[in-house]
Amino acid sequence: MKTAHDIIIRPVITEAAMDLMAAKTYVFAVRKDATKPEIAKAVEEVFGSKVKVASVRTINMKKKPKRLGVHFGYTSEWKKAIVTLTADSGEIEFFAGLN
């Protein structure tokens, strides 16, 4: 059985993700087999009762070729979830100190 901490792997902290935080939109790396309702429930469970999810958008990030000297390889495939909170919801405290 998947727990909330198993579904959300880590937050994605990039410039684009930081710009979305003004609109109460947060980006997470999630399990490849996680569904949108599971992701919404996991975010509400992990970050407290004052957080209410309005919508979840998911993107499957494909592998990309990388090279280091003569060695070739690929980056990992992963799933990204873009979570938008409701207007009356509180902010996620983890991201509050990053701005």
# chains A, B, ... in the order shown; residues from 1 in each chain; ligands from 1
>>> select_by_dssp(residues="region 29-98 of chain A", states="alpha helix (DSSP H)", output="list in words")
Lys36, Pro37, Glu38, Ile39, Ala40, Lys41, Ala42, Val43, Glu44, Glu45, Val46, Glu93, Phe94, Phe95 and Ala96 of chain A
>>> write_last_selection(atoms="N, CA and C atoms", output="PDB file, in the first residue's frame")
ATOM      1  N   LYS A  36      -3.786  11.288 -10.058  1.00  0.00           N
ATOM      2  CA  LYS A  36      -4.060  12.658  -9.609  1.00  0.00           C
ATOM      3  C   LYS A  36      -4.796  12.698  -8.268  1.00  0.00           C
ATOM      4  N   PRO A  37      -5.836  11.876  -8.054  1.00  0.00           N
ATOM      5  CA  PRO A  37      -6.491  11.903  -6.734  1.00  0.00           C
ATOM      6  C   PRO A  37      -5.553  11.467  -5.599  1.00  0.00           C
ATOM      7  N   GLU A  38      -4.686  10.500  -5.862  1.00  0.00           N
ATOM      8  CA  GLU A  38      -3.721  10.065  -4.847  1.00  0.00           C
ATOM      9  C   GLU A  38      -2.747  11.181  -4.507  1.00  0.00           C
ATOM     10  N   ILE A  39      -2.300  11.917  -5.518  1.00  0.00           N
ATOM     11  CA  ILE A  39      -1.355  13.018  -5.302  1.00  0.00           C
ATOM     12  C   ILE A  39      -2.027  14.121  -4.487  1.00  0.00           C
ATOM     13  N   ALA A  40      -3.261  14.469  -4.834  1.00  0.00           N
ATOM     14  CA  ALA A  40      -3.986  15.516  -4.099  1.00  0.00           C
ATOM     15  C   ALA A  40      -4.168  15.119  -2.634  1.00  0.00           C
ATOM     16  N   LYS A  41      -4.557  13.886  -2.387  1.00  0.00           N
ATOM     17  CA  LYS A  41      -4.749  13.411  -1.020  1.00  0.00           C
ATOM     18  C   LYS A  41      -3.432  13.405  -0.254  1.00  0.00           C
ATOM     19  N   ALA A  42      -2.339  13.011  -0.910  1.00  0.00           N
ATOM     20  CA  ALA A  42      -1.031  12.957  -0.262  1.00  0.00           C
ATOM     21  C   ALA A  42      -0.541  14.349   0.119  1.00  0.00           C
ATOM     22  N   VAL A  43      -0.742  15.349  -0.747  1.00  0.00           N
ATOM     23  CA  VAL A  43      -0.317  16.717  -0.446  1.00  0.00           C
ATOM     24  C   VAL A  43      -1.098  17.256   0.750  1.00  0.00           C
ATOM     25  N   GLU A  44      -2.406  17.032   0.784  1.00  0.00           N
ATOM     26  CA  GLU A  44      -3.224  17.491   1.905  1.00  0.00           C
ATOM     27  C   GLU A  44      -2.836  16.787   3.206  1.00  0.00           C
ATOM     28  N   GLU A  45      -2.468  15.518   3.112  1.00  0.00           N
ATOM     29  CA  GLU A  45      -2.095  14.754   4.306  1.00  0.00           C
ATOM     30  C   GLU A  45      -0.720  15.148   4.828  1.00  0.00           C
ATOM     31  N   VAL A  46       0.239  15.317   3.941  1.00  0.00           N
ATOM     32  CA  VAL A  46       1.613  15.603   4.362  1.00  0.00           C
ATOM     33  C   VAL A  46       1.762  17.028   4.886  1.00  0.00           C
ATOM     34  N   GLU A  93       4.277  25.461   4.308  1.00  0.00           N
ATOM     35  CA  GLU A  93       5.316  26.098   5.128  1.00  0.00           C
ATOM     36  C   GLU A  93       6.720  25.785   4.646  1.00  0.00           C
ATOM     37  N   PHE A  94       6.920  24.619   4.054  1.00  0.00           N
ATOM     38  CA  PHE A  94       8.244  24.245   3.565  1.00  0.00           C
ATOM     39  C   PHE A  94       8.766  25.248   2.545  1.00  0.00           C
ATOM     40  N   PHE A  95       7.886  25.736   1.670  1.00  0.00           N
ATOM     41  CA  PHE A  95       8.279  26.651   0.616  1.00  0.00           C
ATOM     42  C   PHE A  95       8.316  28.105   1.082  1.00  0.00           C
ATOM     43  N   ALA A  96       7.784  28.422   2.245  1.00  0.00           N
ATOM     44  CA  ALA A  96       7.693  29.809   2.704  1.00  0.00           C
ATOM     45  C   ALA A  96       9.068  30.438   2.885  1.00  0.00           C
TER      46      ALA A  96
END
>>> residues_around(residues="region 59-76 of chain A", least_positions_apart="6", cutoff="10 Å", atoms="only C-alpha atoms", output="PyMOL selection string")
chain A and resi 29-30+32+82
>>> write_last_selection(atoms="N, CA and C atoms", output="short mmCIF file (atom, residue, chain, number, x, y, z; two decimals), in the first residue's frame")
data_model
loop_
_atom_site.label_atom_id
_atom_site.label_comp_id
_atom_site.auth_asym_id
_atom_site.auth_seq_id
_atom_site.Cartn_x
_atom_site.Cartn_y
_atom_site.Cartn_z
N ALA A 29 8.12 16.02 -7.46
CA ALA A 29 8.42 14.77 -8.14
C ALA A 29 7.63 13.69 -7.40
N VAL A 30 6.88 12.88 -8.15
CA VAL A 30 6.01 11.88 -7.55
C VAL A 30 6.30 10.51 -8.16
N LYS A 32 5.87 7.20 -10.33
CA LYS A 32 5.40 7.07 -11.71
C LYS A 32 3.99 6.52 -11.80
N ILE A 82 2.18 19.16 -10.78
CA ILE A 82 2.01 20.59 -10.52
C ILE A 82 0.69 20.73 -9.76
#
>>> residues_around(residues="Ala16 (chain A)", least_positions_apart="5", cutoff="12 Å", atoms="only C-alpha atoms", output="PDB file with C-alpha atoms, in the first residue's frame")
ATOM      1  CA  MET A  21       4.547  29.843  -5.881  1.00  0.00           C
ATOM      2  CA  ALA A  22       3.055  33.355  -6.024  1.00  0.00           C
ATOM      3  CA  THR A  25       1.140  26.438  -7.283  1.00  0.00           C
ATOM      4  CA  TYR A  26       3.789  23.947  -6.189  1.00  0.00           C
ATOM      5  CA  VAL A  27       5.809  21.360  -8.111  1.00  0.00           C
ATOM      6  CA  ILE A  82       2.007  20.589 -10.523  1.00  0.00           C
TER       7      ILE A  82
END
>>> select_by_dssp(residues="region 20-65 of chain A", states="strand (DSSP E)", output="list of chain:residue names")
A:Thr25, A:Tyr26, A:Val27, A:Phe28, A:Ala29, A:Val30, A:Val53, A:Ala54, A:Ser55, A:Val56, A:Arg57, A:Thr58, A:Ile59, A:Asn60, A:Met61, A:Pro65
>>> closest_residue(among="A:Lys24, A:Ala34, A:Val56, A:His5", to="Ile92 (chain A)", atoms="only C-alpha atoms")
A:Lys24
>>> atom_distance(atom1="CA of Trp78 (chain A)", atom2="CA of Ala17 (chain A)")
16.4 Å
>>> atom_distance(atom1="CA of Gly90 (chain A)", atom2="CA of Ser49 (chain A)")
9.1 Å
>>> atom_distance(atom1="CA of Glu15 (chain A)", atom2="CA of Lys52 (chain A)")
23.9 Å
>>> decode(residues="region 28-75 of chain A", atoms="N, CA and C atoms", output="short mmCIF file (atom, residue, chain, number, x, y, z; two decimals), in the first residue's frame")
data_model
loop_
_atom_site.label_atom_id
_atom_site.label_comp_id
_atom_site.auth_asym_id
_atom_site.auth_seq_id
_atom_site.Cartn_x
_atom_site.Cartn_y
_atom_site.Cartn_z
N PHE A 28 6.14 19.02 -7.54
CA PHE A 28 6.71 17.89 -6.83
C PHE A 28 7.09 16.79 -7.81
N ALA A 29 8.12 16.02 -7.46
CA ALA A 29 8.42 14.77 -8.14
C ALA A 29 7.63 13.69 -7.40
N VAL A 30 6.88 12.88 -8.15
CA VAL A 30 6.01 11.88 -7.55
C VAL A 30 6.30 10.51 -8.16
N ARG A 31 5.72 9.48 -7.56
CA ARG A 31 5.87 8.12 -8.10
C ARG A 31 5.28 8.04 -9.50
N LYS A 32 5.87 7.20 -10.33
CA LYS A 32 5.40 7.07 -11.71
C LYS A 32 3.99 6.52 -11.80
N ASP A 33 3.58 5.71 -10.83
CA ASP A 33 2.26 5.09 -10.89
C ASP A 33 1.20 5.83 -10.06
N ALA A 34 1.53 7.00 -9.55
CA ALA A 34 0.59 7.78 -8.73
C ALA A 34 -0.46 8.46 -9.62
N THR A 35 -1.71 8.43 -9.17
CA THR A 35 -2.79 9.08 -9.91
C THR A 35 -3.03 10.48 -9.34
N LYS A 36 -3.79 11.29 -10.06
CA LYS A 36 -4.06 12.66 -9.61
C LYS A 36 -4.80 12.70 -8.27
N PRO A 37 -5.84 11.88 -8.05
CA PRO A 37 -6.49 11.90 -6.73
C PRO A 37 -5.55 11.47 -5.60
N GLU A 38 -4.69 10.50 -5.86
CA GLU A 38 -3.72 10.07 -4.85
C GLU A 38 -2.75 11.18 -4.51
N ILE A 39 -2.30 11.92 -5.52
CA ILE A 39 -1.36 13.02 -5.30
C ILE A 39 -2.03 14.12 -4.49
N ALA A 40 -3.26 14.47 -4.83
CA ALA A 40 -3.99 15.52 -4.10
C ALA A 40 -4.17 15.12 -2.63
N LYS A 41 -4.56 13.89 -2.39
CA LYS A 41 -4.75 13.41 -1.02
C LYS A 41 -3.43 13.41 -0.25
N ALA A 42 -2.34 13.01 -0.91
CA ALA A 42 -1.03 12.96 -0.26
C ALA A 42 -0.54 14.35 0.12
N VAL A 43 -0.74 15.35 -0.75
CA VAL A 43 -0.32 16.72 -0.45
C VAL A 43 -1.10 17.26 0.75
N GLU A 44 -2.41 17.03 0.78
CA GLU A 44 -3.22 17.49 1.91
C GLU A 44 -2.84 16.79 3.21
N GLU A 45 -2.47 15.52 3.11
CA GLU A 45 -2.10 14.75 4.31
C GLU A 45 -0.72 15.15 4.83
N VAL A 46 0.24 15.32 3.94
CA VAL A 46 1.61 15.60 4.36
C VAL A 46 1.76 17.03 4.89
N PHE A 47 1.13 18.00 4.25
CA PHE A 47 1.37 19.40 4.58
C PHE A 47 0.31 20.01 5.49
N GLY A 48 -0.54 19.22 6.09
CA GLY A 48 -1.44 19.72 7.12
C GLY A 48 -2.86 19.94 6.66
N SER A 49 -3.70 20.23 7.64
CA SER A 49 -5.14 20.36 7.39
C SER A 49 -5.51 21.70 6.75
N LYS A 50 -4.64 22.70 6.84
CA LYS A 50 -4.98 24.00 6.26
C LYS A 50 -4.71 24.07 4.76
N VAL A 51 -4.13 23.02 4.19
CA VAL A 51 -3.82 22.97 2.76
C VAL A 51 -4.94 22.23 2.04
N LYS A 52 -5.56 22.88 1.05
CA LYS A 52 -6.62 22.28 0.24
C LYS A 52 -6.22 22.36 -1.23
N VAL A 53 -6.26 21.24 -1.92
CA VAL A 53 -5.82 21.17 -3.31
C VAL A 53 -6.98 21.48 -4.23
N ALA A 54 -6.76 22.40 -5.19
CA ALA A 54 -7.78 22.73 -6.18
C ALA A 54 -7.62 21.86 -7.43
N SER A 55 -6.37 21.69 -7.91
CA SER A 55 -6.16 20.89 -9.11
C SER A 55 -4.76 20.29 -9.10
N VAL A 56 -4.61 19.22 -9.86
CA VAL A 56 -3.32 18.55 -10.02
C VAL A 56 -3.11 18.30 -11.51
N ARG A 57 -1.95 18.72 -12.00
CA ARG A 57 -1.56 18.42 -13.38
C ARG A 57 -0.30 17.57 -13.31
N THR A 58 -0.19 16.56 -14.16
CA THR A 58 0.97 15.68 -14.13
C THR A 58 1.65 15.65 -15.49
N ILE A 59 2.96 15.44 -15.45
CA ILE A 59 3.77 15.37 -16.66
C ILE A 59 4.75 14.22 -16.49
N ASN A 60 4.84 13.34 -17.47
CA ASN A 60 5.86 12.30 -17.46
C ASN A 60 7.10 12.86 -18.14
N MET A 61 8.16 13.04 -17.37
CA MET A 61 9.41 13.58 -17.89
C MET A 61 10.21 12.43 -18.52
N LYS A 62 10.54 12.57 -19.78
CA LYS A 62 11.24 11.51 -20.51
C LYS A 62 12.73 11.57 -20.22
N LYS A 63 13.41 10.47 -20.52
CA LYS A 63 14.86 10.45 -20.33
C LYS A 63 15.53 11.28 -21.42
N LYS A 64 16.69 11.86 -21.08
CA LYS A 64 17.44 12.68 -22.02
C LYS A 64 18.86 12.13 -22.13
N PRO A 65 19.44 12.15 -23.31
CA PRO A 65 20.81 11.66 -23.43
C PRO A 65 21.80 12.64 -22.79
N LYS A 66 22.76 12.10 -22.08
CA LYS A 66 23.81 12.89 -21.45
C LYS A 66 25.15 12.26 -21.79
N ARG A 67 26.20 13.07 -21.75
CA ARG A 67 27.53 12.57 -22.07
C ARG A 67 28.53 13.21 -21.12
N LEU A 68 29.45 12.41 -20.61
CA LEU A 68 30.55 12.89 -19.78
C LEU A 68 31.82 12.29 -20.35
N GLY A 69 32.54 13.09 -21.12
CA GLY A 69 33.73 12.57 -21.80
C GLY A 69 33.32 11.58 -22.87
N VAL A 70 33.87 10.37 -22.78
CA VAL A 70 33.54 9.34 -23.77
C VAL A 70 32.38 8.46 -23.31
N HIS A 71 31.85 8.72 -22.14
CA HIS A 71 30.78 7.89 -21.58
C HIS A 71 29.42 8.49 -21.92
N PHE A 72 28.54 7.64 -22.44
CA PHE A 72 27.19 8.04 -22.79
C PHE A 72 26.20 7.43 -21.82
N GLY A 73 25.11 8.14 -21.60
CA GLY A 73 24.07 7.61 -20.73
C GLY A 73 22.81 8.43 -20.88
N TYR A 74 21.87 8.20 -20.00
CA TYR A 74 20.60 8.89 -20.02
C TYR A 74 20.24 9.33 -18.60
N THR A 75 19.48 10.41 -18.50
CA THR A 75 18.93 10.81 -17.21
C THR A 75 17.75 9.89 -16.90
#
